[in-house]
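S.K.: Next up, data-v1.cif (mmCIF, C-alpha atoms).
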```cif
data_run
#
loop_
_atom_site.label_atom_id
_atom_site.label_comp_id
_atom_site.auth_asym_id
_atom_site.auth_seq_id
_atom_site.Cartn_x
_atom_site.Cartn_y
_atom_site.Cartn_z
CA MET A 142 63.59 114.93 -27.91
CA ARG A 143 62.05 117.14 -25.25
CA CYS A 144 63.99 119.81 -23.36
CA GLU A 145 62.76 118.42 -20.01
CA ASP A 146 64.46 115.08 -20.72
CA LEU A 147 67.82 116.79 -21.07
CA THR A 148 68.10 118.66 -17.83
CA ASP A 149 70.17 116.05 -15.90
CA ASP A 150 72.41 115.59 -18.93
CA LEU A 151 72.98 119.33 -19.17
CA SER A 152 73.89 119.48 -15.49
CA ALA A 153 76.39 116.63 -15.96
CA ALA A 154 77.72 118.14 -19.20
CA ALA A 155 78.28 121.46 -17.45
CA ASP A 156 80.64 119.92 -14.88
CA GLY A 157 82.33 117.71 -17.46
CA SER A 158 81.31 114.46 -15.77
CA ALA A 159 79.38 113.37 -18.88
CA LEU A 160 79.35 114.15 -22.57
CA LEU A 161 76.18 114.82 -24.51
CA GLY A 162 75.27 112.19 -27.10
CA ARG A 163 74.98 113.05 -30.79
CA ASP A 164 71.22 113.53 -30.76
CA GLU A 165 71.36 115.56 -27.57
CA ARG A 166 74.11 117.78 -28.98
CA ARG A 167 72.07 118.35 -32.13
CA HIS A 168 69.07 119.31 -30.03
CA VAL A 169 71.06 121.75 -27.91
CA GLU A 170 72.63 123.34 -30.99
CA ARG A 171 69.14 124.23 -32.25
CA CYS A 172 67.40 124.90 -28.93
CA LEU A 173 67.89 128.31 -27.35
CA ARG A 174 66.20 127.16 -24.14
CA CYS A 175 68.66 124.29 -23.62
CA GLN A 176 71.62 126.50 -24.55
CA ALA A 177 70.53 129.01 -21.93
CA GLU A 178 70.09 126.21 -19.40
CA LEU A 179 73.60 124.92 -20.10
CA VAL A 180 75.05 128.41 -19.65
CA GLN A 181 73.14 128.78 -16.39
CA TYR A 182 74.48 125.46 -15.07
CA ARG A 183 78.02 126.57 -15.93
CA LYS A 184 77.53 129.91 -14.15
CA LEU A 185 76.08 128.09 -11.15
CA LEU A 186 79.04 125.71 -10.94
CA ARG A 187 81.55 128.54 -11.28
CA ALA A 188 79.84 130.42 -8.46
CA MET A 189 79.82 127.27 -6.31
CA ARG A 190 83.54 126.75 -6.87
CA THR A 191 84.37 130.29 -5.79
CA MET A 192 82.59 129.58 -2.49
CA ARG A 193 85.31 127.05 -1.70
CA THR A 194 87.72 129.89 -0.90
CA GLU A 195 85.30 131.69 1.39
CA VAL A 196 85.75 131.18 5.09
CA LEU A 197 82.93 132.32 7.35
CA GLU A 198 83.90 133.77 10.69
CA PRO A 199 83.03 131.36 13.50
CA THR A 200 80.94 132.59 16.38
CA PRO A 201 82.94 133.96 19.36
CA GLY A 202 84.02 131.39 21.90
CA MET A 203 83.81 128.48 19.50
CA LEU A 204 87.55 127.76 19.52
CA ALA A 205 87.63 127.73 23.34
CA ASP A 206 84.64 125.38 23.41
CA ILE A 207 86.22 122.96 20.94
CA LEU A 208 89.54 122.93 22.79
CA ALA A 209 87.78 122.39 26.14
CA ASN A 210 85.75 119.54 24.66
CA VAL A 211 88.88 117.91 23.23
CA ALA A 212 90.74 118.43 26.53
CA GLY A 213 87.85 116.69 28.32
CA ALA A 214 88.04 113.81 25.87
CA GLY A 215 91.81 113.63 26.38
CA GLU A 216 91.42 113.45 30.16
CA ARG A 217 88.76 110.77 29.91
CA ARG A 218 91.02 108.81 27.60
CA ALA A 219 93.97 109.17 30.04
CA ILE A 220 91.81 107.99 32.95
CA ARG A 221 90.53 105.04 30.93
CA SER A 222 94.07 104.10 29.94
CA MET A 223 95.22 104.41 33.57
CA ILE A 224 92.35 102.19 34.74
CA ALA A 225 93.15 99.71 31.97
CA GLY A 226 96.81 99.75 33.09
CA HIS A 227 95.84 99.13 36.72
CA ARG A 228 93.47 96.39 35.64
CA THR A 229 96.34 94.70 33.79
CA ALA A 230 98.57 95.03 36.85
CA TYR A 231 95.86 93.57 39.14
CA LEU A 232 95.22 90.68 36.79
CA GLY A 233 98.96 90.08 36.46
CA GLY A 234 99.35 90.08 40.26
CA LEU A 235 96.40 87.76 40.67
CA ALA A 236 97.81 85.36 38.08
CA ALA A 237 101.25 85.43 39.75
CA ALA A 238 99.71 84.79 43.19
CA THR A 239 97.64 81.92 41.81
CA ALA A 240 100.70 80.40 40.13
CA ALA A 241 102.75 80.77 43.34
CA GLY A 242 99.94 79.19 45.37
CA ALA A 243 99.68 76.27 42.96
CA ALA A 244 103.45 75.77 42.99
CA GLY A 245 103.46 75.87 46.81
CA ALA A 246 100.66 73.30 46.95
CA LEU A 247 102.56 70.99 44.61
CA VAL A 248 105.76 71.29 46.69
CA PHE A 249 103.76 70.66 49.88
CA ALA A 250 102.03 67.63 48.37
CA ALA A 251 105.34 66.21 47.15
CA ARG A 252 106.94 66.66 50.60
CA THR A 253 103.94 65.04 52.31
CA ARG A 254 104.25 62.06 49.96
CA ARG A 255 107.99 61.76 50.70
CA VAL A 256 107.43 61.91 54.50
CA ARG A 257 104.68 59.25 54.27
CA ALA A 258 106.92 57.02 52.15
CA ALA A 259 109.82 57.40 54.63
CA SER A 260 107.63 56.52 57.64
CA MET W 278 95.91 126.51 6.24
CA PRO W 279 99.58 126.60 7.28
CA GLN W 280 102.06 124.40 5.48
CA ASP W 281 103.01 122.43 8.56
CA VAL W 282 99.61 120.79 8.94
CA ALA W 283 101.13 117.45 7.95
CA ASP W 284 103.73 117.80 10.73
CA LEU W 285 101.02 118.72 13.20
CA VAL W 286 99.00 115.68 12.15
CA THR W 287 102.01 113.42 12.67
CA ALA W 288 102.75 114.91 16.08
CA ALA W 289 99.09 114.77 17.13
CA ARG W 290 98.86 111.17 16.01
CA ASP W 291 101.83 110.41 18.25
CA GLY W 292 99.87 111.77 21.20
CA ASP W 293 101.00 115.42 21.23
CA ARG W 294 97.93 117.27 22.57
CA GLU W 295 99.39 120.70 21.81
CA ALA W 296 99.77 119.68 18.18
CA PHE W 297 96.11 118.66 18.03
CA ASP W 298 95.06 121.99 19.54
CA GLU W 299 97.17 123.72 16.91
CA LEU W 300 95.42 121.67 14.20
CA VAL W 301 92.06 122.79 15.56
CA ARG W 302 93.18 126.43 15.52
CA ALA W 303 94.36 126.09 11.92
CA THR W 304 91.24 124.41 10.57
CA TYR W 305 88.20 125.24 12.70
CA ALA W 306 87.03 128.25 10.67
CA GLU W 307 86.99 126.16 7.51
CA THR W 308 85.23 123.31 9.29
CA TYR W 309 82.66 125.74 10.69
CA THR W 310 82.05 127.17 7.21
CA LEU W 311 81.29 123.71 5.87
CA ALA W 312 79.12 122.84 8.88
CA LEU W 313 77.14 126.06 8.46
CA ARG W 314 76.64 125.39 4.77
CA LEU W 315 75.48 121.85 5.47
CA THR W 316 73.15 122.60 8.36
CA GLY W 317 71.94 126.06 7.39
CA ASN W 318 72.04 127.47 10.89
CA GLU W 319 74.62 128.58 13.42
CA GLU W 320 73.47 126.55 16.40
CA ASP W 321 73.54 123.26 14.51
CA ALA W 322 76.85 124.20 12.91
CA ARG W 323 78.42 124.74 16.37
CA ASP W 324 77.24 121.31 17.53
CA VAL W 325 78.46 119.67 14.34
CA VAL W 326 81.91 121.27 14.63
CA GLN W 327 82.24 120.19 18.27
CA GLU W 328 81.29 116.63 17.41
CA ALA W 329 83.54 116.60 14.34
CA TYR W 330 86.67 117.56 16.32
CA PHE W 331 85.74 115.15 19.08
CA ARG W 332 85.54 112.33 16.53
CA ALA W 333 88.72 113.52 14.82
CA PHE W 334 90.55 113.45 18.16
CA ARG W 335 89.37 109.93 18.89
CA GLY W 336 90.01 108.69 15.36
CA LEU W 337 93.25 110.46 14.52
CA LYS W 338 95.29 107.28 14.86
CA ARG W 339 93.14 105.81 12.08
CA PHE W 340 93.89 108.74 9.75
CA ARG W 341 96.30 107.21 7.26
CA GLY W 342 97.45 110.49 5.79
CA ASP W 343 96.81 109.42 2.20
CA ALA W 344 94.28 112.26 1.94
CA GLN W 345 94.70 115.83 3.12
CA PHE W 346 93.72 116.49 6.71
CA SER W 347 91.18 119.06 5.49
CA THR W 348 89.50 116.48 3.23
CA TRP W 349 89.40 114.03 6.15
CA MET W 350 87.79 116.74 8.30
CA TYR W 351 85.26 117.50 5.53
CA ARG W 352 84.21 113.87 5.53
CA ILE W 353 83.88 113.72 9.31
CA THR W 354 81.95 117.01 9.30
CA ALA W 355 79.63 115.75 6.54
CA ASN W 356 78.98 112.59 8.52
CA CYS W 357 78.32 114.52 11.75
CA ALA W 358 76.00 116.93 9.93
CA ALA W 359 74.07 114.05 8.36
CA THR W 360 73.68 112.40 11.77
CA HIS W 361 72.74 115.69 13.42
CA LEU W 362 70.17 116.62 10.79
CA GLY W 363 68.88 113.06 10.74
CA ARG W 364 67.98 113.42 14.42
CA ARG W 365 65.84 116.42 13.65
CA ASN W 366 62.29 115.72 12.64
CA LYS W 367 61.77 119.14 11.25
CA HIS W 368 64.00 121.53 9.38
CA ARG W 369 64.47 125.00 10.78
CA HIS W 370 64.98 128.00 8.55
CA GLU W 371 66.76 131.06 9.84
CA GLU W 372 67.03 134.42 8.26
CA LEU W 373 70.37 135.00 6.58
CA ARG W 374 72.05 137.85 8.35
CA ASP W 375 73.60 140.55 6.24
CA SER W 376 76.19 140.98 8.97
CA ASP W 377 77.67 137.50 8.38
CA PRO W 378 81.24 138.35 7.53
CA VAL W 379 82.68 136.64 4.50
CA VAL W 380 86.39 136.54 3.86
CA ASP W 381 87.21 136.29 0.18
CA GLU W 382 90.82 135.22 -0.20
CA ARG W 383 90.97 135.77 -3.94
CA PRO W 384 92.72 138.85 -5.27
CA ALA W 385 90.42 141.57 -6.56
CA SER W 386 90.24 141.77 -10.33
CA ASP W 387 87.72 143.21 -12.78
CA PRO W 388 85.63 145.33 -10.37
CA GLN W 389 82.40 145.00 -12.43
CA GLY W 390 82.81 141.23 -12.75
CA GLN W 391 83.62 141.09 -9.05
CA VAL W 392 80.40 142.93 -8.18
CA GLU W 393 78.32 140.59 -10.36
CA ALA W 394 80.08 137.52 -8.99
CA THR W 395 79.52 138.70 -5.42
CA ALA W 396 75.84 139.36 -6.16
CA LEU W 397 75.45 135.90 -7.67
CA ARG W 398 77.24 134.31 -4.69
CA ASN W 399 74.98 136.13 -2.26
CA ARG W 400 71.88 134.92 -4.10
CA LEU W 401 73.40 131.46 -4.24
CA THR W 402 73.97 131.48 -0.47
CA VAL W 403 70.28 132.25 0.06
CA ALA W 404 69.22 129.64 -2.51
CA LEU W 405 71.38 127.03 -0.77
CA GLU W 406 69.75 127.91 2.55
CA ASN W 407 66.36 127.29 1.01
CA LEU W 408 67.21 123.86 -0.36
CA PRO W 409 65.96 120.82 1.55
CA PRO W 410 68.84 119.58 3.75
CA LYS W 411 69.24 116.29 1.88
CA LEU W 412 69.78 118.08 -1.42
CA ARG W 413 71.90 120.82 0.14
CA GLN W 414 74.33 118.37 1.73
CA VAL W 415 75.08 116.65 -1.56
CA VAL W 416 75.46 119.75 -3.69
CA VAL W 417 77.64 121.52 -1.10
CA LEU W 418 79.97 118.54 -0.73
CA ARG W 419 80.21 117.89 -4.47
CA ASP W 420 80.20 121.32 -6.07
CA ILE W 421 81.86 123.44 -3.40
CA TYR W 422 84.15 120.96 -1.63
CA ASP W 423 84.74 118.68 -4.59
CA LEU W 424 84.26 115.42 -2.69
CA PRO W 425 83.76 112.41 -4.99
CA HIS W 426 80.31 110.81 -5.20
CA GLU W 427 81.68 107.71 -3.48
CA ALA W 428 82.82 109.67 -0.41
CA ILE W 429 79.59 111.67 -0.26
CA ALA W 430 77.52 108.50 -0.44
CA ALA W 431 79.62 106.85 2.29
CA GLU W 432 79.43 109.79 4.70
CA LEU W 433 75.71 110.44 4.18
CA GLY W 434 74.83 106.76 4.32
CA ILE W 435 73.20 106.66 0.89
CA SER W 436 73.98 104.92 -2.41
CA GLU W 437 76.09 106.58 -5.09
CA THR W 438 73.08 106.58 -7.39
CA ALA W 439 71.02 108.40 -4.76
CA ALA W 440 73.85 110.90 -4.34
CA LYS W 441 73.88 111.60 -8.09
CA VAL W 442 70.10 111.93 -8.28
CA ARG W 443 70.11 114.35 -5.34
CA LEU W 444 72.93 116.34 -6.94
CA HIS W 445 71.00 116.87 -10.18
CA ARG W 446 67.83 117.76 -8.30
CA ALA W 447 69.72 120.24 -6.17
CA ARG W 448 71.40 121.86 -9.17
CA LYS W 449 68.07 122.09 -10.99
CA LYS W 450 66.43 123.77 -8.02
CA LEU W 451 69.34 126.16 -7.59
CA ARG W 452 69.37 127.04 -11.29
CA GLU W 453 65.64 127.69 -11.25
CA ASP W 454 65.97 129.77 -8.10
CA LEU W 455 68.86 131.84 -9.38
CA PHE W 456 67.93 132.33 -13.01
CA THR W 457 64.43 131.23 -14.01
CA ARG W 458 62.46 132.64 -11.06
CA ARG W 459 64.55 135.77 -11.10
CA ALA W 460 63.74 136.31 -14.79
CA GLU W 461 60.04 135.72 -14.08
CA GLU W 462 60.12 138.21 -11.21
CA ALA W 463 61.83 140.78 -13.43
CA ALA W 464 59.18 140.23 -16.13
CA ASP W 465 56.38 140.61 -13.57
CA ALA W 466 57.88 143.86 -12.33
CA VAL W 467 57.76 145.42 -15.83
#
```
As structure tokens, what does this structure read like?

M.R.:
Amino acid sequence: MRCEDLTDDLSAAADGSALLGRDERRHVERCLRCQAELVQYRKLLRAMRTMRTEVLEPTPGMLADILANVAGAGERRAIRSMIAGHRTAYLGGLAAATAAGAAGALVFAARTRRVRAAS
Amino acid sequence: MPQDVADLVTAARDGDREAFDELVRATYAETYTLALRLTGNEEDARDVVQEAYFRAFRGLKRFRGDAQFSTWMYRITANCAATHLGRRNKHRHEELRDSDPVVDERPASDPQGQVEATALRNRLTVALENLPPKLRQVVVLRDIYDLPHEAIAAELGISETAAKVRLHRARKKLREDLFTRRAEEAADAV
């Protein structure tokens, strides 16, 4: 077994996502280079985890920019929803007018038929 | 992050704009930190953060609340950063400024260990900056922010296998940068 073949396994073993096989373990137990590599991966991962708690200071004005951008999006959404509401009202009105017109035409046609029948 | 983030999320989801603004105030520094780590420069990080909150605002109703809001924001930020960096045809490197303030929230303990840990973290920050963006994104999301491979793959638009391969490559490069090259440089100096 060559040390180069083990490097991904050592990286995975260091974070606990994989266990070394028997042959690999045997190799690492006798190989100072691989042992050092494993220790280095563990140190690296520990250092990475500590970075989780670090918060970098945002550049000045960023909060105001984000809030303004969100406010803009909110206004656009409100306008769109208003337009959509108006569109619904227009379509509703149009449908009602069409229905009323059709009903009127039917009544008119029925009356005309009655008048013709009477005469 | 304050404890009432869940309440703010609920209120914001119900259309309370003030609550959303409050959520932004509570989380934007963390989101910026991630964006800066993913993109490697301030200008890109600003754009990514703007886009991330814009998408969060539009998609908040879809946030089911089964994950933490911060994790949801990490995923959106990762996706925005991947899109943003994908648009670039060349990667820009910027000098790391010593003046970048870093807030360490952990209590101080073992001064010598603290000094060594800080030195290692500073070298790590530089090494991360020098990684190719595709490798950096994966290793930052996995090893710093603890996102599962599945989520990383989904947000970066790659397969889980690709995410794992990139992770190992990134770790190998970082390890070589932090330990092997440093040892070689020390040997050369003697």

S.K.: I'd like the residues picked by the PyMOL selection byres ((chain W) within 9 of (chain A)) written out as a ChimeraX atom specification, using the chain letters and numbers from the file.

M.R.: /W:294,297-298,301-302,305-311,313,319,323,326-328,330-331,334-335,377-383,394-395,397-398,401,417,420-423,442,445-446,448-449,451-452,455-456

S.K.: With the file shown as input, list the residues that the PyMOL selection byres ((chain W and resi 434-437) around 12) selects, as a list in words.

M.R.: Arg352, Ala355, Asn356, Cys357, Ala358, Ala359, Thr360, Gly363, Lys411, Gln414, Val415, Pro425, His426, Glu427, Ala428, Ile429, Ala430, Ala431, Glu432, Leu433, Thr438, Ala439, Ala440, Lys441, Val442, Arg443 and Leu444 of chain W

S.K.: Nearest residue to His168 of chain A out of A:Met142, A:Ala244, A:Ala230, A:Ala154, using only C-alpha atoms?

M.R.: A:Met142

S.K.: Let me know the residues the PyMOL selection byres ((chain W and resi 289-292) around 12) catches in the file above, as a ChimeraX atom specification.

M.R.: /A:215,218-219 /W:282-288,293-301,333-342,346

S.K.: Mind dumping the selected residues with C-alpha atoms as a compact mmCIF listing (two decimals), in the coordinates of the input?

M.R.:
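Generated file (selection.txt):
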```txt
# COMPACT_ATOMS: atom_id res chain seq x y z
CA GLY A 215 91.81 113.63 26.38
CA ARG A 218 91.02 108.81 27.60
CA ALA A 219 93.97 109.17 30.04
CA VAL W 282 99.61 120.79 8.94
CA ALA W 283 101.13 117.45 7.95
CA ASP W 284 103.73 117.80 10.73
CA LEU W 285 101.02 118.72 13.20
CA VAL W 286 99.00 115.68 12.15
CA THR W 287 102.01 113.42 12.67
CA ALA W 288 102.75 114.91 16.08
CA ASP W 293 101.00 115.42 21.23
CA ARG W 294 97.93 117.27 22.57
CA GLU W 295 99.39 120.70 21.81
CA ALA W 296 99.77 119.68 18.18
CA PHE W 297 96.11 118.66 18.03
CA ASP W 298 95.06 121.99 19.54
CA GLU W 299 97.17 123.72 16.91
CA LEU W 300 95.42 121.67 14.20
CA VAL W 301 92.06 122.79 15.56
CA ALA W 333 88.72 113.52 14.82
CA PHE W 334 90.55 113.45 18.16
CA ARG W 335 89.37 109.93 18.89
CA GLY W 336 90.01 108.69 15.36
CA LEU W 337 93.25 110.46 14.52
CA LYS W 338 95.29 107.28 14.86
CA ARG W 339 93.14 105.81 12.08
CA PHE W 340 93.89 108.74 9.75
CA ARG W 341 96.30 107.21 7.26
CA GLY W 342 97.45 110.49 5.79
CA PHE W 346 93.72 116.49 6.71
```

S.K.: Atom CA of Leu408 of chain W to atom CA of Thr316 of chain W: how many Å, to one decimal?

M.R.: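 Computing the Euclidean distance for atom CA of Leu408 of chain W and atom CA of Thr316 of chain W yields 10.6 Å.
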
S.K.: Atom CA of Gly202 of chain A and atom CA of Ala312 of chain W are how many Å apart?

M.R.: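 Separating atom CA of Gly202 of chain A from atom CA of Ala312 of chain W is a distance of 16.3 Å.
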
S.K.: So the first atom is atom CA of Pro409 of chain W and the second is atom CA of Ala447 of chain W; what is the distance between them in Å, to one decimal place?

M.R.: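 Atom CA of Ala447 of chain W lies at a distance of 8.6 Å from atom CA of Pro409 of chain W.
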
S.K.: Counting all atoms listed in the file, which of W:Arg413, W:Arg458, W:Arg419, W:Asp281 gets nearest to Ser158 of chain A?

M.R.: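 Looking at the shortest contact to Ser158 of chain A, the residue is W:Arg419.
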
S.K.: Generate the missing atoms of segment 156-180 of chain A up to N, CA and C atoms and report them as a PDB file, in the coordinates of the input.

M.R.:
```pdb
ATOM      1  N   ASP A 156      79.474 120.159 -15.758  1.00  0.00           N
ATOM      2  CA  ASP A 156      80.640 119.920 -14.880  1.00  0.00           C
ATOM      3  C   ASP A 156      81.650 118.971 -15.512  1.00  0.00           C
ATOM      4  N   GLY A 157      81.370 118.543 -16.740  1.00  0.00           N
ATOM      5  CA  GLY A 157      82.330 117.710 -17.460  1.00  0.00           C
ATOM      6  C   GLY A 157      82.297 116.246 -17.058  1.00  0.00           C
ATOM      7  N   SER A 158      81.346 115.859 -16.208  1.00  0.00           N
ATOM      8  CA  SER A 158      81.310 114.460 -15.770  1.00  0.00           C
ATOM      9  C   SER A 158      80.649 113.565 -16.824  1.00  0.00           C
ATOM     10  N   ALA A 159      79.978 114.164 -17.800  1.00  0.00           N
ATOM     11  CA  ALA A 159      79.380 113.370 -18.880  1.00  0.00           C
ATOM     12  C   ALA A 159      79.375 114.187 -20.167  1.00  0.00           C
ATOM     13  N   LEU A 160      79.400 113.472 -21.277  1.00  0.00           N
ATOM     14  CA  LEU A 160      79.350 114.150 -22.570  1.00  0.00           C
ATOM     15  C   LEU A 160      77.956 113.950 -23.145  1.00  0.00           C
ATOM     16  N   LEU A 161      77.491 114.957 -23.880  1.00  0.00           N
ATOM     17  CA  LEU A 161      76.180 114.820 -24.510  1.00  0.00           C
ATOM     18  C   LEU A 161      76.309 113.878 -25.706  1.00  0.00           C
ATOM     19  N   GLY A 162      75.287 113.061 -25.929  1.00  0.00           N
ATOM     20  CA  GLY A 162      75.270 112.190 -27.100  1.00  0.00           C
ATOM     21  C   GLY A 162      75.023 113.003 -28.368  1.00  0.00           C
ATOM     22  N   ARG A 163      75.099 112.331 -29.527  1.00  0.00           N
ATOM     23  CA  ARG A 163      74.980 113.050 -30.790  1.00  0.00           C
ATOM     24  C   ARG A 163      73.608 113.732 -30.928  1.00  0.00           C
ATOM     25  N   ASP A 164      72.574 112.978 -30.619  1.00  0.00           N
ATOM     26  CA  ASP A 164      71.220 113.530 -30.760  1.00  0.00           C
ATOM     27  C   ASP A 164      71.003 114.685 -29.790  1.00  0.00           C
ATOM     28  N   GLU A 165      71.524 114.511 -28.584  1.00  0.00           N
ATOM     29  CA  GLU A 165      71.360 115.560 -27.570  1.00  0.00           C
ATOM     30  C   GLU A 165      72.102 116.841 -28.003  1.00  0.00           C
ATOM     31  N   ARG A 166      73.324 116.623 -28.519  1.00  0.00           N
ATOM     32  CA  ARG A 166      74.110 117.780 -28.980  1.00  0.00           C
ATOM     33  C   ARG A 166      73.359 118.541 -30.081  1.00  0.00           C
ATOM     34  N   ARG A 167      72.808 117.748 -31.009  1.00  0.00           N
ATOM     35  CA  ARG A 167      72.070 118.350 -32.130  1.00  0.00           C
ATOM     36  C   ARG A 167      70.888 119.176 -31.610  1.00  0.00           C
ATOM     37  N   HIS A 168      70.218 118.595 -30.605  1.00  0.00           N
ATOM     38  CA  HIS A 168      69.070 119.310 -30.030  1.00  0.00           C
ATOM     39  C   HIS A 168      69.525 120.631 -29.407  1.00  0.00           C
ATOM     40  N   VAL A 169      70.591 120.543 -28.621  1.00  0.00           N
ATOM     41  CA  VAL A 169      71.060 121.750 -27.910  1.00  0.00           C
ATOM     42  C   VAL A 169      71.512 122.816 -28.907  1.00  0.00           C
ATOM     43  N   GLU A 170      72.141 122.376 -30.000  1.00  0.00           N
ATOM     44  CA  GLU A 170      72.630 123.340 -30.990  1.00  0.00           C
ATOM     45  C   GLU A 170      71.475 124.151 -31.605  1.00  0.00           C
ATOM     46  N   ARG A 171      70.273 123.540 -31.621  1.00  0.00           N
ATOM     47  CA  ARG A 171      69.140 124.230 -32.250  1.00  0.00           C
ATOM     48  C   ARG A 171      68.159 124.819 -31.238  1.00  0.00           C
ATOM     49  N   CYS A 172      68.386 124.494 -29.943  1.00  0.00           N
ATOM     50  CA  CYS A 172      67.400 124.900 -28.930  1.00  0.00           C
ATOM     51  C   CYS A 172      67.952 126.001 -28.028  1.00  0.00           C
ATOM     52  N   LEU A 173      67.401 127.176 -28.151  1.00  0.00           N
ATOM     53  CA  LEU A 173      67.890 128.310 -27.350  1.00  0.00           C
ATOM     54  C   LEU A 173      67.640 128.075 -25.856  1.00  0.00           C
ATOM     55  N   ARG A 174      66.541 127.412 -25.550  1.00  0.00           N
ATOM     56  CA  ARG A 174      66.200 127.160 -24.140  1.00  0.00           C
ATOM     57  C   ARG A 174      67.267 126.275 -23.489  1.00  0.00           C
ATOM     58  N   CYS A 175      67.649 125.195 -24.187  1.00  0.00           N
ATOM     59  CA  CYS A 175      68.660 124.290 -23.620  1.00  0.00           C
ATOM     60  C   CYS A 175      70.037 124.961 -23.569  1.00  0.00           C
ATOM     61  N   GLN A 176      70.330 125.774 -24.560  1.00  0.00           N
ATOM     62  CA  GLN A 176      71.620 126.500 -24.550  1.00  0.00           C
ATOM     63  C   GLN A 176      71.680 127.410 -23.320  1.00  0.00           C
ATOM     64  N   ALA A 177      70.565 128.101 -23.090  1.00  0.00           N
ATOM     65  CA  ALA A 177      70.530 129.010 -21.930  1.00  0.00           C
ATOM     66  C   ALA A 177      70.676 128.214 -20.639  1.00  0.00           C
ATOM     67  N   GLU A 178      70.030 127.047 -20.602  1.00  0.00           N
ATOM     68  CA  GLU A 178      70.090 126.210 -19.400  1.00  0.00           C
ATOM     69  C   GLU A 178      71.539 125.750 -19.141  1.00  0.00           C
ATOM     70  N   LEU A 179      72.207 125.364 -20.219  1.00  0.00           N
ATOM     71  CA  LEU A 179      73.600 124.920 -20.100  1.00  0.00           C
ATOM     72  C   LEU A 179      74.488 126.054 -19.562  1.00  0.00           C
ATOM     73  N   VAL A 180      74.277 127.239 -20.105  1.00  0.00           N
ATOM     74  CA  VAL A 180      75.050 128.410 -19.650  1.00  0.00           C
ATOM     75  C   VAL A 180      74.773 128.669 -18.167  1.00  0.00           C
TER      76      VAL A 180
END
```
